[in-house]
$ cat protein08.cif   # mmCIF, C-alpha atoms
data_upload
loop_
_atom_site.group_PDB
_atom_site.id
_atom_site.type_symbol
_atom_site.label_atom_id
_atom_site.label_comp_id
_atom_site.auth_asym_id
_atom_site.auth_seq_id
_atom_site.Cartn_x
_atom_site.Cartn_y
_atom_site.Cartn_z
ATOM 1 C CA MET A 1 112.818 83.076 94.582
ATOM 2 C CA ASN A 2 111.874 86.461 93.132
ATOM 3 C CA ASP A 3 108.392 86.298 91.594
ATOM 4 C CA LYS A 4 109.491 88.295 88.559
ATOM 5 C CA THR A 5 112.974 86.962 87.842
ATOM 6 C CA TYR A 6 113.688 83.616 86.189
ATOM 7 C CA THR A 7 117.339 83.354 85.259
ATOM 8 C CA LEU A 8 116.916 79.681 84.404
ATOM 9 C CA MET A 9 113.726 78.642 82.639
ATOM 10 C CA LEU A 10 112.310 75.600 84.397
ATOM 11 C CA THR A 11 110.883 73.315 81.724
ATOM 12 C CA ASN A 12 109.156 70.600 83.718
ATOM 13 C CA LEU A 13 107.673 69.473 87.008
ATOM 14 C CA TYR A 14 109.652 66.983 89.050
ATOM 15 C CA PRO A 15 108.624 63.368 89.657
ATOM 16 C CA SER A 16 109.148 64.089 93.364
ATOM 17 C CA THR A 17 106.336 66.681 93.207
ATOM 18 C CA PHE A 18 103.907 64.002 92.063
ATOM 19 C CA SER A 19 105.320 61.584 94.649
ATOM 20 C CA PHE A 20 104.632 64.105 97.421
ATOM 21 C CA LEU A 21 101.043 64.653 96.241
ATOM 22 C CA ALA A 22 100.445 60.906 96.049
ATOM 23 C CA ALA A 23 101.870 60.484 99.548
ATOM 24 C CA ILE A 24 99.805 63.227 101.147
ATOM 25 C CA LYS A 25 96.657 61.634 99.738
ATOM 26 C CA GLU A 26 97.489 58.563 101.819
ATOM 27 C CA ASN A 27 98.749 60.529 104.844
ATOM 28 C CA ASN A 28 96.498 63.551 105.066
ATOM 29 C CA ASN A 29 97.241 64.617 108.618
ATOM 30 C CA ARG A 30 99.249 67.350 110.312
ATOM 31 C CA GLU A 31 101.769 65.052 111.972
ATOM 32 C CA TRP A 32 102.817 63.456 108.669
ATOM 33 C CA PHE A 33 102.883 66.863 106.961
ATOM 34 C CA GLN A 34 105.232 68.340 109.579
ATOM 35 C CA GLU A 35 107.520 65.327 109.331
ATOM 36 C CA ASN A 36 107.639 65.734 105.542
ATOM 37 C CA ARG A 37 107.653 69.524 105.330
ATOM 38 C CA GLU A 38 110.873 69.584 103.331
ATOM 39 C CA ALA A 39 109.271 67.422 100.647
ATOM 40 C CA TYR A 40 106.296 69.785 100.591
ATOM 41 C CA GLU A 41 108.527 72.845 100.283
ATOM 42 C CA ARG A 42 110.405 71.291 97.361
ATOM 43 C CA ALA A 43 107.117 70.502 95.614
ATOM 44 C CA TRP A 44 105.791 74.004 96.321
ATOM 45 C CA GLU A 45 108.952 75.655 94.995
ATOM 46 C CA ASN A 46 108.836 73.438 91.908
ATOM 47 C CA MET A 47 105.220 74.441 91.237
ATOM 48 C CA LYS A 48 106.061 78.091 91.852
ATOM 49 C CA GLU A 49 108.977 78.099 89.425
ATOM 50 C CA PHE A 50 107.078 76.164 86.764
ATOM 51 C CA THR A 51 104.089 78.522 87.027
ATOM 52 C CA GLY A 52 106.453 81.460 86.628
ATOM 53 C CA ALA A 53 107.811 79.937 83.431
ATOM 54 C CA VAL A 54 104.263 79.389 82.149
ATOM 55 C CA ILE A 55 103.373 83.030 82.861
ATOM 56 C CA LYS A 56 106.442 84.219 81.006
ATOM 57 C CA GLY A 57 105.543 82.050 78.010
ATOM 58 C CA LEU A 58 101.912 83.165 77.956
ATOM 59 C CA ALA A 59 102.935 86.823 78.115
ATOM 60 C CA GLU A 60 104.543 86.419 74.690
ATOM 61 C CA THR A 61 101.204 85.695 72.984
ATOM 62 C CA ASP A 62 98.335 86.807 75.240
ATOM 63 C CA PRO A 63 97.858 90.571 75.709
ATOM 64 C CA TYR A 64 95.909 89.873 78.922
ATOM 65 C CA ILE A 65 98.941 88.228 80.528
ATOM 66 C CA SER A 66 101.990 90.142 81.731
ATOM 67 C CA GLU A 67 105.358 88.919 82.982
ATOM 68 C CA ASP A 68 104.750 91.153 86.004
ATOM 69 C CA ILE A 69 101.954 88.932 87.328
ATOM 70 C CA SER A 70 102.853 87.738 90.821
ATOM 71 C CA VAL A 71 103.308 83.973 90.922
ATOM 72 C CA SER A 72 102.434 83.876 94.613
ATOM 73 C CA LYS A 73 99.053 85.464 93.918
ATOM 74 C CA CYS A 74 98.345 82.798 91.291
ATOM 75 C CA LEU A 75 98.997 79.743 93.466
ATOM 76 C CA PHE A 76 96.328 78.092 95.585
ATOM 77 C CA ARG A 77 97.486 77.274 99.096
ATOM 78 C CA ILE A 78 97.645 73.598 99.999
ATOM 79 C CA TYR A 79 95.749 74.165 103.238
ATOM 80 C CA ARG A 80 92.034 73.338 103.055
ATOM 81 C CA ASP A 81 89.316 75.496 104.594
ATOM 82 C CA THR A 82 87.436 72.894 106.608
ATOM 83 C CA ARG A 83 85.110 75.220 108.520
ATOM 84 C CA PHE A 84 82.002 74.340 106.536
ATOM 85 C CA SER A 85 83.019 70.921 105.224
ATOM 86 C CA LYS A 86 82.274 67.450 106.509
ATOM 87 C CA ASP A 87 85.682 66.437 105.161
ATOM 88 C CA LYS A 88 88.115 67.595 107.839
ATOM 89 C CA THR A 89 91.340 66.473 106.148
ATOM 90 C CA PRO A 90 93.635 69.492 106.447
ATOM 91 C CA TYR A 91 95.433 69.443 103.088
ATOM 92 C CA LYS A 92 94.590 69.447 99.400
ATOM 93 C CA THR A 93 96.000 66.583 97.374
ATOM 94 C CA TRP A 94 96.715 68.801 94.380
ATOM 95 C CA LEU A 95 98.514 72.003 93.448
ATOM 96 C CA GLY A 96 96.875 74.667 91.311
ATOM 97 C CA ALA A 97 97.456 78.075 89.774
ATOM 98 C CA GLY A 98 94.933 80.569 88.418
ATOM 99 C CA ILE A 99 96.780 82.762 85.942
ATOM 100 C CA SER A 100 95.368 86.215 85.260
ATOM 101 C CA THR A 101 96.094 89.891 85.902
ATOM 102 C CA ALA A 102 94.558 89.385 89.366
ATOM 103 C CA GLY A 103 96.177 86.020 90.009
ATOM 104 C CA ARG A 104 93.787 83.324 91.157
ATOM 105 C CA LYS A 105 91.079 85.805 92.220
ATOM 106 C CA LEU A 106 90.028 87.271 88.873
ATOM 107 C CA ASN A 107 86.321 87.473 88.148
ATOM 108 C CA GLY A 108 86.749 86.998 84.421
ATOM 109 C CA PRO A 109 88.479 84.864 81.756
ATOM 110 C CA GLU A 110 91.688 83.235 82.966
ATOM 111 C CA TYR A 111 93.959 80.212 82.670
ATOM 112 C CA TYR A 112 94.128 77.465 85.274
ATOM 113 C CA LEU A 113 96.792 74.786 85.785
ATOM 114 C CA HIS A 114 95.925 71.793 87.973
ATOM 115 C CA ILE A 115 98.595 69.334 89.112
ATOM 116 C CA GLN A 116 97.425 66.034 90.615
ATOM 117 C CA PRO A 117 98.695 62.480 90.138
ATOM 118 C CA GLY A 118 96.553 60.922 87.437
ATOM 119 C CA GLY A 119 94.370 64.012 87.126
ATOM 120 C CA SER A 120 96.383 66.989 85.880
ATOM 121 C CA PHE A 121 94.918 69.406 83.345
ATOM 122 C CA ALA A 122 95.034 72.888 81.861
ATOM 123 C CA ALA A 123 91.871 74.939 81.538
ATOM 124 C CA GLY A 124 91.008 78.284 80.053
ATOM 125 C CA GLY A 125 87.874 80.375 80.040
ATOM 126 C CA TYR A 126 85.455 81.595 82.691
ATOM 127 C CA TRP A 127 84.143 79.300 85.428
ATOM 128 C CA ARG A 128 80.736 80.284 86.843
ATOM 129 C CA PRO A 129 80.556 83.939 85.676
ATOM 130 C CA GLU A 130 78.689 86.413 87.853
ATOM 131 C CA LYS A 131 75.140 87.228 86.741
ATOM 132 C CA GLU A 132 75.931 90.272 84.581
ATOM 133 C CA HIS A 133 78.917 88.603 82.951
ATOM 134 C CA LEU A 134 76.910 85.460 82.245
ATOM 135 C CA ALA A 135 74.201 87.523 80.562
ATOM 136 C CA ALA A 136 76.795 89.341 78.436
ATOM 137 C CA ILE A 137 78.426 86.091 77.295
ATOM 138 C CA ARG A 138 75.075 84.532 76.401
ATOM 139 C CA GLN A 139 74.106 87.635 74.451
ATOM 140 C CA GLU A 140 77.394 87.519 72.553
ATOM 141 C CA ILE A 141 76.811 83.864 71.674
ATOM 142 C CA ASP A 142 73.313 84.726 70.480
ATOM 143 C CA TYR A 143 74.723 87.484 68.234
ATOM 144 C CA ASN A 144 77.975 85.862 67.157
ATOM 145 C CA GLY A 145 77.476 82.150 67.731
ATOM 146 C CA ALA A 146 78.778 81.340 64.263
ATOM 147 C CA ARG A 147 82.120 82.923 65.163
ATOM 148 C CA LEU A 148 82.335 80.992 68.416
ATOM 149 C CA GLN A 149 81.448 77.751 66.652
ATOM 150 C CA LYS A 150 84.188 78.449 64.103
ATOM 151 C CA LEU A 151 86.699 78.940 66.929
ATOM 152 C CA LEU A 152 85.635 75.671 68.545
ATOM 153 C CA ASN A 153 86.033 73.879 65.206
ATOM 154 C CA GLU A 154 89.533 75.161 64.524
ATOM 155 C CA PRO A 155 91.927 72.209 64.071
ATOM 156 C CA ASP A 156 94.266 73.308 66.874
ATOM 157 C CA PHE A 157 91.398 73.665 69.359
ATOM 158 C CA LYS A 158 89.792 70.358 68.367
ATOM 159 C CA LYS A 159 93.129 68.544 68.513
ATOM 160 C CA HIS A 160 93.967 69.617 72.053
ATOM 161 C CA CYS A 161 90.859 70.876 73.851
ATOM 162 C CA GLN A 162 87.484 69.749 75.050
ATOM 163 C CA LEU A 163 84.771 72.282 75.835
ATOM 164 C CA ASP A 164 83.181 71.361 79.157
ATOM 165 C CA MET A 165 79.492 70.880 78.340
ATOM 166 C CA GLN A 166 78.481 69.404 81.704
ATOM 167 C CA ASP A 167 77.830 72.588 83.690
ATOM 168 C CA LYS A 168 74.680 73.875 82.013
ATOM 169 C CA LEU A 169 70.970 74.458 82.416
ATOM 170 C CA LYS A 170 68.489 71.744 81.512
ATOM 171 C CA ARG A 171 66.270 74.293 79.780
ATOM 172 C CA PRO A 172 67.013 77.493 77.813
ATOM 173 C CA PRO A 173 67.536 80.580 79.988
ATOM 174 C CA ALA A 174 64.828 83.235 79.956
ATOM 175 C CA GLY A 175 64.730 85.196 76.716
ATOM 176 C CA PHE A 176 66.252 82.487 74.517
ATOM 177 C CA ASP A 177 64.334 80.198 72.191
ATOM 178 C CA VAL A 178 64.787 76.458 72.265
ATOM 179 C CA ASP A 179 65.266 76.544 68.487
ATOM 180 C CA ASN A 180 68.241 78.891 68.682
ATOM 181 C CA PRO A 181 71.041 77.141 66.719
ATOM 182 C CA TYR A 182 73.491 77.861 69.561
ATOM 183 C CA ILE A 183 71.163 77.036 72.431
ATOM 184 C CA GLU A 184 73.409 74.302 73.864
ATOM 185 C CA LEU A 185 76.224 76.850 74.211
ATOM 186 C CA ILE A 186 73.844 79.483 75.584
ATOM 187 C CA LYS A 187 72.654 77.050 78.262
ATOM 188 C CA LEU A 188 76.162 76.743 79.699
ATOM 189 C CA LYS A 189 76.755 78.121 83.188
ATOM 190 C CA SER A 190 80.549 77.884 82.817
ATOM 191 C CA PHE A 191 82.656 78.441 79.712
ATOM 192 C CA THR A 192 85.841 76.422 80.031
ATOM 193 C CA ALA A 193 88.076 74.491 77.679
ATOM 194 C CA VAL A 194 90.135 71.657 79.178
ATOM 195 C CA VAL A 195 93.265 69.738 78.175
ATOM 196 C CA PRO A 196 94.249 66.722 80.330
ATOM 197 C CA PHE A 197 97.876 65.751 80.973
ATOM 198 C CA SER A 198 99.516 62.523 82.058
ATOM 199 C CA ASP A 199 102.068 62.646 84.876
ATOM 200 C CA GLU A 200 104.714 61.647 82.348
ATOM 201 C CA ALA A 201 103.891 64.565 80.032
ATOM 202 C CA LEU A 202 104.508 67.049 82.842
ATOM 203 C CA THR A 203 107.771 65.538 84.056
ATOM 204 C CA ARG A 204 109.426 65.410 80.634
ATOM 205 C CA GLU A 205 111.753 68.220 79.550
ATOM 206 C CA ALA A 206 109.141 69.323 77.009
ATOM 207 C CA ALA A 207 106.488 69.850 79.703
ATOM 208 C CA LEU A 208 106.577 73.647 79.531
ATOM 209 C CA ASN A 209 106.003 73.597 75.780
ATOM 210 C CA THR A 210 103.214 71.045 76.253
ATOM 211 C CA VAL A 211 101.393 73.287 78.727
ATOM 212 C CA LEU A 212 101.922 76.435 76.674
ATOM 213 C CA GLN A 213 100.652 74.686 73.544
ATOM 214 C CA ALA A 214 97.513 73.666 75.432
ATOM 215 C CA PHE A 215 96.870 77.198 76.662
ATOM 216 C CA ARG A 216 97.580 78.742 73.264
ATOM 217 C CA SER A 217 95.184 76.363 71.534
ATOM 218 C CA MET A 218 92.342 77.837 73.616
ATOM 219 C CA HIS A 219 93.430 81.469 73.244
ATOM 220 C CA GLY A 220 90.826 82.293 70.573
ATOM 221 C CA PHE A 221 88.072 80.921 72.794
ATOM 222 C CA LYS A 222 89.339 82.946 75.765
ATOM 223 C CA LEU A 223 89.556 86.075 73.598
ATOM 224 C CA PHE A 224 85.907 85.606 72.570
ATOM 225 C CA LEU A 225 84.948 85.735 76.245
ATOM 226 C CA HIS A 226 87.033 88.871 76.824
ATOM 227 C CA GLU A 227 85.293 90.552 73.895
ATOM 228 C CA ALA A 228 81.877 89.487 75.168
ATOM 229 C CA LEU A 229 82.660 91.373 78.367
ATOM 230 C CA GLY A 230 83.824 94.472 76.541
ATOM 231 C CA ALA A 231 87.472 93.327 76.497
ATOM 232 C CA GLU A 232 87.748 93.444 80.310
#

$ encode --input "protein08.cif" --output "structure tokens"
Amino acid sequence: MNDKTYTLMLTNLYPSTFSFLAAIKENNNREWFQENREAYERAWENMKEFTGAVIKGLAETDPYISEDISVSKCLFRIYRDTRFSKDKTPYKTWLGAGISTAGRKLNGPEYYLHIQPGGSFAAGGYWRPEKEHLAAIRQEIDYNGARLQKLLNEPDFKKHCQLDMQDKLKRPPAGFDVDNPYIELIKLKSFTAVVPFSDEALTREAALNTVLQAFRSMHGFKLFLHEALGAE
């Protein structure tokens, strides 16, 4: 399939994709994988086509997303890097795509789609920013926290998204007062909004619209992060 050409818009993921991921969780070994390679290739192609449709939809509303983004560069390979891990199982039990101008390797705000039986979700924002980016985002929250809070309180965001508040410092970072009204946001080490999906939601014909709606509901939050970094 050409990364940039979608003559038929795929609107959902297939039940067989979830069946393959459930099966590889129970049979995470090379022999089983080789025997079921065709099932893997169908699941991979399904994920590739669906991600391409998502990119095309996002390009209509997000100026940081272009239809020219390579789908292949967005997808995470199913093969695990086990060199430094005690877990030597060779394959991931999920499929994922990081959607940005640099595919999955952007050091900046992006979208992420995670497909896993019973654990699928869409996310948007910036996971673990580098030191300079983290400082810039915290400074922007300090200056314009009221605007960020307004974005987080918008009905569309509150209806669909949850801001991940788990990945944060226990104490205020240096230079910020504990009484700062936005200190809990400033203490964050990652800035990500998340929308969970059921397997059924992603296999229905309306799945593409469901995913796009989730991503679009967090667009204002993502844009705030772009602006904090000087619209990078």

$ closest_residue --input "protein08.cif" --among "A:Leu208, A:Thr61, A:Thr93, A:Pro109" --to "Asn27 (chain A)" --atoms "all atoms listed in the file"
A:Thr93

$ residues_around --input "protein08.cif" --residues "Arg104 (chain A)" --least-positions-apart "2" --cutoff "10 Å" --atoms "only C-alpha atoms" --output "number ranges by chain"
A: 71-76, 96-102, 106-107, 110-112

$ residues_around --input "protein08.cif" --residues "Asp177 (chain A)" --least-positions-apart "5" --cutoff "12 Å" --atoms "all atoms listed in the file" --output "number ranges by chain"
A: 142, 171-172, 182-184, 186-187

$ closest_residue --input "protein08.cif" --among "A:Ala23, A:Ala123, A:Asn180, A:Arg216" --to "Ala193 (chain A)" --atoms "all atoms listed in the file"
A:Ala123

$ closest_residue --input "protein08.cif" --among "A:Thr210, A:Ser85, A:Gln34, A:Thr17" --to "Gln116 (chain A)" --atoms "only C-alpha atoms"
A:Thr17

$ atom_distance --input "protein08.cif" --atom1 "CA of Arg77 (chain A)" --atom2 "CA of Asn46 (chain A)"
14.0 Å

$ atom_distance --input "protein08.cif" --atom1 "CA of Trp127 (chain A)" --atom2 "CA of Phe191 (chain A)"
6.0 Å

$ atom_distance --input "protein08.cif" --atom1 "CA of Leu163 (chain A)" --atom2 "CA of Glu60 (chain A)"
24.3 Å

$ build_atoms --input "protein08.cif" --residues "region 80-91 of chain A" --atoms "all heavy atoms" --output "compact mmCIF listing (two decimals), in the coordinates of the input"
# COMPACT_ATOMS: atom_id res chain seq x y z
N ARG A 80 93.47 73.33 103.32
CA ARG A 80 92.03 73.34 103.06
C ARG A 80 91.30 74.17 104.11
O ARG A 80 91.66 74.18 105.28
CB ARG A 80 91.46 71.92 103.08
CG ARG A 80 91.97 71.02 101.97
CD ARG A 80 91.29 69.65 102.00
NE ARG A 80 89.86 69.79 101.74
CZ ARG A 80 88.90 69.53 102.62
NH1 ARG A 80 89.22 69.14 103.85
NH2 ARG A 80 87.64 69.67 102.29
N ASP A 81 90.23 74.83 103.67
CA ASP A 81 89.32 75.50 104.59
C ASP A 81 88.24 74.48 104.98
O ASP A 81 87.37 74.14 104.18
CB ASP A 81 88.69 76.72 103.92
CG ASP A 81 87.79 77.50 104.86
OD1 ASP A 81 87.54 77.02 105.99
OD2 ASP A 81 87.32 78.59 104.47
N THR A 82 88.33 73.98 106.19
CA THR A 82 87.44 72.89 106.61
C THR A 82 86.26 73.38 107.47
O THR A 82 85.50 72.56 107.99
CB THR A 82 88.23 71.85 107.41
OG1 THR A 82 88.78 72.46 108.58
CG2 THR A 82 89.36 71.27 106.56
N ARG A 83 86.12 74.69 107.60
CA ARG A 83 85.11 75.22 108.52
C ARG A 83 83.70 74.76 108.19
O ARG A 83 82.91 74.49 109.09
CB ARG A 83 85.16 76.75 108.52
CG ARG A 83 86.41 77.34 109.17
CD ARG A 83 86.44 78.83 108.99
NE ARG A 83 86.51 79.21 107.57
CZ ARG A 83 86.41 80.46 107.12
NH1 ARG A 83 86.24 81.46 107.98
NH2 ARG A 83 86.50 80.72 105.83
N PHE A 84 83.38 74.67 106.92
CA PHE A 84 82.00 74.34 106.54
C PHE A 84 81.94 73.02 105.77
O PHE A 84 81.00 72.78 105.01
CB PHE A 84 81.41 75.47 105.68
CG PHE A 84 81.53 76.82 106.34
CD1 PHE A 84 82.44 77.75 105.87
CD2 PHE A 84 80.75 77.15 107.44
CE1 PHE A 84 82.56 79.00 106.48
CE2 PHE A 84 80.86 78.39 108.06
CZ PHE A 84 81.78 79.31 107.57
N SER A 85 82.94 72.18 105.95
CA SER A 85 83.02 70.92 105.22
C SER A 85 82.97 69.73 106.17
O SER A 85 83.55 69.75 107.26
CB SER A 85 84.32 70.87 104.41
OG SER A 85 84.48 69.62 103.79
N LYS A 86 82.28 68.69 105.74
CA LYS A 86 82.27 67.45 106.51
C LYS A 86 83.62 66.75 106.42
O LYS A 86 84.00 65.99 107.32
CB LYS A 86 81.16 66.53 106.00
CG LYS A 86 79.75 67.04 106.26
CD LYS A 86 78.71 66.06 105.76
CE LYS A 86 77.30 66.56 106.02
NZ LYS A 86 76.27 65.62 105.50
N ASP A 87 84.34 66.99 105.34
CA ASP A 87 85.68 66.44 105.16
C ASP A 87 86.68 67.32 105.92
O ASP A 87 86.93 68.46 105.55
CB ASP A 87 86.03 66.40 103.67
CG ASP A 87 87.42 65.85 103.41
OD1 ASP A 87 88.11 65.47 104.38
OD2 ASP A 87 87.85 65.84 102.24
N LYS A 88 87.22 66.82 106.99
CA LYS A 88 88.12 67.60 107.84
C LYS A 88 89.60 67.34 107.56
O LYS A 88 90.46 67.77 108.34
CB LYS A 88 87.81 67.30 109.31
CG LYS A 88 86.41 67.71 109.74
CD LYS A 88 86.14 69.19 109.52
CE LYS A 88 84.73 69.59 109.96
NZ LYS A 88 84.46 71.02 109.72
N THR A 89 89.93 66.63 106.48
CA THR A 89 91.34 66.47 106.15
C THR A 89 91.94 67.85 105.88
O THR A 89 91.36 68.67 105.18
CB THR A 89 91.53 65.57 104.91
OG1 THR A 89 90.70 66.04 103.84
CG2 THR A 89 91.16 64.13 105.24
N PRO A 90 93.12 68.11 106.45
CA PRO A 90 93.64 69.49 106.45
C PRO A 90 94.29 69.97 105.16
O PRO A 90 94.49 71.17 104.98
CB PRO A 90 94.65 69.47 107.58
CG PRO A 90 95.11 68.05 107.66
CD PRO A 90 93.91 67.22 107.30
N TYR A 91 94.64 69.04 104.24
CA TYR A 91 95.43 69.44 103.09
C TYR A 91 94.79 69.01 101.77
O TYR A 91 94.16 67.95 101.68
CB TYR A 91 96.85 68.86 103.17
CG TYR A 91 97.52 69.17 104.48
CD1 TYR A 91 97.70 68.18 105.45
CD2 TYR A 91 97.95 70.47 104.77
CE1 TYR A 91 98.30 68.48 106.66
CE2 TYR A 91 98.55 70.77 105.98
CZ TYR A 91 98.71 69.77 106.93
OH TYR A 91 99.30 70.08 108.13
